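Asks: Shown below is the structure under consideration.
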Amino acid sequence: MTQLRLSNHGLALVAYYEASTSIQLSDGTTPFPGGYSEVPLKFRRVYMDTLAVPNVLTVGLGITTYDIPDLVEGAVYSEDAAWNMFRRHIVGYEQAVREAVTVPLNQNEFDALVSFTFNVGIGAWRESTLLRKLNSSARAQAADEFERWVYAGGRKLAGLENRRLAERKLFQTPWKNARQNVAASRTVQAATVATIVSGTTALAPAIGPANEIAAFVKNNTSFALVALALISLYLLYVRYDDWRKGKR
C-alpha cells in the first residue's frame, strides 16, 4: 500500500488523548480543543500508568517501556525531547499498520488505525477482529469494532470510550486530498497571486488602456516576470518549510 505517514490531524488526536495537549493545524483549526498548548510537566515526567494492564512506565505522548525499556520513573524530559521521542517511535506503529492492512486506506483511515495501534499495542492490533474485518473489505463492520476496545483491567473507561469514538469518527470521515482550509494555505495564496499576475499580463491587450492596472502590467512585462520568479522562489521555500515542520 501507499507509504502513508501519520498526518498532523492524526497527531492532534494522539496528543490530545495521550497528553491532554491541543494542537493547532496549519489551517488555523484545532481538531481537539480544550487541552494544554504544550505537553504539561505531569506528562513529561516518567510516571507509572496504573490504568494499563499490566502497569507500565509512561512519558510524554504515550511512550512506554515497550518503546524505551530503560525509562526511569520520575525522570523529567523537555518539551522537545517528548516530541522527539514520539516522532522516533511512532514509525514502528505506522509500519505495523501498513504491513497488516491488505486493502487500500485513505489518510483518515490510516491516522485512526495508527492511533488505535499506538494505544492498544501492535500485538493486539495484529490479532484484532477490526483488522480481520477491514481486510475482508467490511469497513462498516470494522468501524464498529473500535467501540469494543474501551476496557482496561475489566473496567470500562470514559477516556477510552471518548478516544474510540474519535478514532471511529476519523476512520469514517471521507478524505479530501487537500488542506481543510485551502484559503489558509500559503502555497495556494502565492499560487493565486501568480495566476493573477500572469493572467492580467495575458489579458492586458484586451482590457485596454482604460484599466490602469492592466496597462501597468502590459507596459512593465519585465516587472511581471520578476514578480513571477520571486513568487516561484517563495513557493519552493514554503513547501520546503512545510516539509521541514512535518506538515502535509
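Simple scheme: letters A, B, ... for chains in C-alpha cells order, numbers from 1 for residues in each chain, numbers from 1 for ligands in the order shown.
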Within 9 Å of A:Trp175, counting only C-alpha atoms, which residues qualify if same-chain residues fewer than 3 places away don't, as a PyMOL selection string?
Replies: chain A and resi 106-109+172+178
Asks: Compile the contact shell of stretch 132-134 of chain A as a ChimeraX atom specification: residues with an atom at most 10 Å away, counting only C-alpha atoms, same-chain residues fewer than 4 positions apart removed.
Replies: /A:100-105,125-128,138-145
Asks: With distances taken over only C-alpha atoms, which residue among A:Glu73, A:Gly35, A:Ala96, A:Ser7 lies nearest A:Ser20?
Replies: A:Gly35
Asks: Run DSSP on the backbone and grab whatever in stretch 81-158 of chain A lands in strand (DSSP E); send it over as a ChimeraX atom specification.
Replies: /A:151-152,155-156
Asks: Using N, CA and C atoms, can you write the selected residues to a file as a compact mmCIF listing (two decimals), in the first residue's frame?
Replies:
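Generated output (result_0.txt):
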# COMPACT_ATOMS: atom_id res chain seq x y z
N TYR A 151 -12.10 -1.06 27.46
CA TYR A 151 -11.90 -1.63 28.79
C TYR A 151 -10.42 -1.70 29.15
N ALA A 152 -10.13 -1.50 30.42
CA ALA A 152 -8.78 -1.68 30.96
C ALA A 152 -8.93 -2.31 32.34
N ARG A 155 -12.52 -2.86 33.47
CA ARG A 155 -13.38 -1.70 33.70
C ARG A 155 -13.53 -0.88 32.43
N LYS A 156 -14.75 -0.42 32.17
CA LYS A 156 -14.97 0.48 31.04
C LYS A 156 -14.54 1.88 31.45
Asks: Tell me, as an MDAnalysis selection string, which residues lie within 12 Å of A:Ala158, counting only C-alpha atoms; anything in the same chain fewer than 6 positions away does not count.
Replies: chainID A and resid 17 51 147 149:152 164:165
Asks: How would the residues just picked look written out with N, CA and C atoms as an mmCIF file, in the first residue's frame?
Replies:
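Below is the file result_21.cif, written as the result:
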data_model
loop_
_atom_site.group_PDB
_atom_site.id
_atom_site.type_symbol
_atom_site.label_atom_id
_atom_site.label_comp_id
_atom_site.auth_asym_id
_atom_site.auth_seq_id
_atom_site.Cartn_x
_atom_site.Cartn_y
_atom_site.Cartn_z
ATOM 1 N N TYR A 17 -5.369 12.774 23.441
ATOM 2 C CA TYR A 17 -5.780 11.668 24.308
ATOM 3 C C TYR A 17 -4.623 11.040 25.086
ATOM 4 N N LEU A 51 -3.536 2.554 34.919
ATOM 5 C CA LEU A 51 -4.714 2.103 34.188
ATOM 6 C C LEU A 51 -4.346 1.002 33.194
ATOM 7 N N GLU A 147 -15.323 0.574 19.140
ATOM 8 C CA GLU A 147 -16.001 0.803 20.413
ATOM 9 C C GLU A 147 -15.991 -0.411 21.342
ATOM 10 N N TRP A 149 -13.086 -1.662 22.227
ATOM 11 C CA TRP A 149 -11.807 -1.531 22.915
ATOM 12 C C TRP A 149 -11.851 -0.380 23.918
ATOM 13 N N VAL A 150 -12.715 -0.500 24.909
ATOM 14 C CA VAL A 150 -12.906 0.589 25.870
ATOM 15 C C VAL A 150 -12.694 0.113 27.311
ATOM 16 N N TYR A 151 -12.097 -1.059 27.457
ATOM 17 C CA TYR A 151 -11.904 -1.633 28.786
ATOM 18 C C TYR A 151 -10.419 -1.699 29.147
ATOM 19 N N ALA A 152 -10.127 -1.504 30.418
ATOM 20 C CA ALA A 152 -8.778 -1.682 30.957
ATOM 21 C C ALA A 152 -8.933 -2.309 32.338
ATOM 22 N N ARG A 164 -12.006 6.108 21.422
ATOM 23 C CA ARG A 164 -12.503 5.203 20.381
ATOM 24 C C ARG A 164 -13.549 5.893 19.499
ATOM 25 N N LEU A 165 -14.390 6.723 20.097
ATOM 26 C CA LEU A 165 -15.368 7.470 19.306
ATOM 27 C C LEU A 165 -14.672 8.419 18.347
#
